[in-house]
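Engineer: My questions all concern the structure below.
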Amino acid sequence: MGSSQKPLAVSMGEPAGIGPDLALLAWANRKALKLPPFYVRGDATLLKERAGRLGLSLRIETTSPDLASGQFAKSLPVVQTGPALADRPGEEQAETAPSVIAAIEASVEDVQAGLASGLVTLPINKAALYKTGFSFPGHTEYLGALAEKHWPGAPARPVMMIAGPELMVVPVTIHIPLRDVPDAVTVDLIVETAEITARDLKTRFGYATPRLAICGLNPHAGENGSIGTEDRDVIEPAIAALRDKGLDVTGPHPADTLFHPQARGGYDCVLGMYHDQVLVPAKTIGFDDSVNVTLGLPFVRTSPDHGTAYALAGTGDIRIDSFAASLRMADVLAHPERF
Ligand SMILES: NC(=O)C1=CN([C@@H]2O[C@H](COP(=O)(O)OP(=O)(O)OC[C@H]3O[C@@H](n4cnc5c(N)ncnc54)[C@H](O)[C@@H]3O)[C@@H](O)[C@H]2O)C=CC1
Ligand SMILES: NCC(=O)COP(=O)(O)O
């Protein structure tokens with residue numbers, strides 16, 4: 001926790017959710033959890049009110065990113081982003097959407113400017129942002145667009161990975177309706193997603209030869225084309241192309257038998273064709289300690305694996321493990337030389 005270490009930027013996320021609680025509780029437990037220095041981009045007024053609700057007596061200091069690491073040992077550094085907000089835990093408010101979005105973009109700009117070593121996002125309410133015209137399905141796609149804007153010319157094709165101690169998964173399609181999945185799953189999409197996953201597992205996570213297991217789409221991976229043809233006509237050719245490129249890839253695997261303990265020993269990461277195919281097992285096995293990490297970006301971004309949990313906001317009755325793991329993972333990814 002040295003003061004010379006560049007801090008992580010934490011975007012506060014949905015003000016009415018548990019994001020503020022997580023930031024406060026994580027800072028309050030920073031020593032026990034061995035957390036790297038971070039600052040929050042959000043609203044200091046709301047954080048102070050939320051701290052009061054949680055019965056936390058701590059110092060919150062409004063500051064700038066360059067001073068945050070030096071202050072972290074004694075106070076929670078907050079870089080005021082947007083106006084003061086009323087603290088209404090659990091109550092969705094349309095008027096806070098611009099502050100939520102501004103905190104994400106300003107944090108990315110801090111990373112680009114060399115003021116922060118990486119970004120950890122606290123959960124947003126996607127539907128609340130959509131209502132105000134936010135056109136991205138989630139952080140993942142928004143961060144891809146911000147990368148293109150702030151790192152012109154750098155490759156930026158974001159890939160979502162949920163990484164836990166026992167299971168790492170990547171959804172090939174993310175937040176799209178289930179009925180659109182079969183058309184969205186193409187050979188090119190699978191190949192591109194798998195290549196980015198393998199490259200980042202190698203260069204950023206230290207896997208010499210990442211072993212990727214690819215799910216089929218249909219029950220029993222299509223049963224030789226008799227229960228759906230996508231497994232045979234799309235996923236198999238994608239796997240063949242990936243093998244031709246020298247990647248260690250197996251599949252298409254029936255998803256129902258891919259996640260039990262013995263099967264998990266056979267791969268490093270699973271690529272699934274749709275969100276719930278791989279996020280259900282990932283969150284079932286590792287809800288408390290998995291991290292959502294975005295691959296394929298020119299900067300580090302992690303996040304807890306859960307959402308806003310409105311009903312728990314302001315109660316203090318929450319787990320902070322996933323957020324703590326997100327901070328530690330971002331620190332490792334941002335400073336590979338130290339680990
Ligand atoms: N990275 C992000 O910004 C994410 C945002 N979301 C958003 O969160 C909102 C709510 O989504 P849900 O599907 O209800 O998922 P959720 O993760 O907020 O809640 C699911 C269940 O887990 C519990 N839970 C979640 N986090 C917890 C924690 N830290 N400690 C203890 N219990 C916890 C909740 O109380 C609830 O019972 C949605 O608007 C969604 O878009 C969801 C996932 C990720
Ligand atoms: N289900 C994961 C999730 O919703 C996280 O999405 P993102 O906001 O990190 O893109």
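Naming works like this for the structure tokens: A, B, ... for the chains as they're shown, residue 1 at the start of each chain, ligands 1 onward in shown order.
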Taking 6 positions as the minimum chain separation for residues in the same chain, which residues sit within 8 Å of Met12 of chain A when counting only C-alpha atoms? Answer as a count of residues only.
Structural biologist: 12
Engineer: May I have the residues within 9 Å of ligand 2, computed using only C-alpha atoms and all ligand atoms, as JSON, numbers by chain?
Structural biologist: {"A": [121, 122, 123, 124, 125, 126, 136, 137, 138, 139, 140, 141, 142, 143, 160, 162, 174, 175, 275, 276, 279, 292, 293, 294, 302, 303, 304, 305, 306, 307]}
Engineer: Pick out the residues sitting within 7 Å of segment 25-31 of chain A, and hand them over as a compact mmCIF listing (two decimals) with N, CA and C atoms, in the first residue's frame; count only C-alpha atoms, and ignore anything fewer than 3 positions along from it in its own chain.
Structural biologist:
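Result written to selection.txt:
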```txt
# COMPACT_ATOMS: atom_id res chain seq x y z
N ASP A 21 -21.81 1.11 -1.08
CA ASP A 21 -21.54 0.30 0.12
C ASP A 21 -20.24 -0.50 -0.07
N LEU A 22 -20.08 -1.06 -1.27
CA LEU A 22 -18.88 -1.88 -1.53
C LEU A 22 -17.62 -1.04 -1.43
N LYS A 34 -5.98 -6.76 2.07
CA LYS A 34 -4.77 -6.50 1.28
C LYS A 34 -5.10 -5.83 -0.06
N LEU A 35 -5.81 -4.72 0.03
CA LEU A 35 -6.27 -4.06 -1.19
C LEU A 35 -5.26 -3.01 -1.66
N LEU A 76 -10.75 7.67 2.43
CA LEU A 76 -11.21 7.15 1.14
C LEU A 76 -11.19 8.30 0.14
N ILE A 320 -18.35 -8.64 0.23
CA ILE A 320 -17.49 -7.74 -0.54
C ILE A 320 -16.36 -8.49 -1.24
N ALA A 324 -13.48 -7.12 -3.78
CA ALA A 324 -12.08 -7.16 -3.32
C ALA A 324 -11.22 -7.95 -4.32
```
Engineer: Neighbouring residues of Thr132 of chain A were defined as those with any atom within 9 Å, considering only C-alpha atoms; residues of the same chain fewer than 5 positions away were excluded. Please report them as number ranges by chain.
Structural biologist: A: 94-95, 97-98
Engineer: Please identify all polymer residues within 7 Å of Ile18 of chain A, counting only C-alpha atoms, omitting same-chain residues fewer than 3 positions from it, and present them as a PyMOL selection string.
Structural biologist: chain A and resi 21-22+308-310+312-313
Engineer: Between atom CA of Lys283 of chain A and atom CA of Asp317 of chain A, what is the distance in Å, rounded to a tenth?
Structural biologist: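 The value is 19.1 Å.
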Engineer: With distances taken over only C-alpha atoms, which residue among A:Asp321, A:Val191, A:Lys74, A:Asp256 lies nearest Ala32 of chain A?
Structural biologist: A:Asp321
Engineer: Can you pull out every residue within 8 Å of Asp110 of chain A, counting only C-alpha atoms, but drop anything in the same chain fewer than 4 positions away, and send it as a CSV table (one decimal) with C-alpha atoms, in the first residue's frame?
Structural biologist:
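As written to disk, out-v4.csv reads:
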```csv
chain,number,residue,atom,x,y,z
A,9,ALA,CA,-10.0,4.2,-10.6
A,65,PRO,CA,-6.3,11.1,-9.0
A,106,ALA,CA,-13.8,9.9,-16.7
A,114,GLY,CA,-1.6,7.6,-16.8
A,115,LEU,CA,-3.3,8.8,-13.6
A,116,ALA,CA,-4.8,5.4,-12.8
```
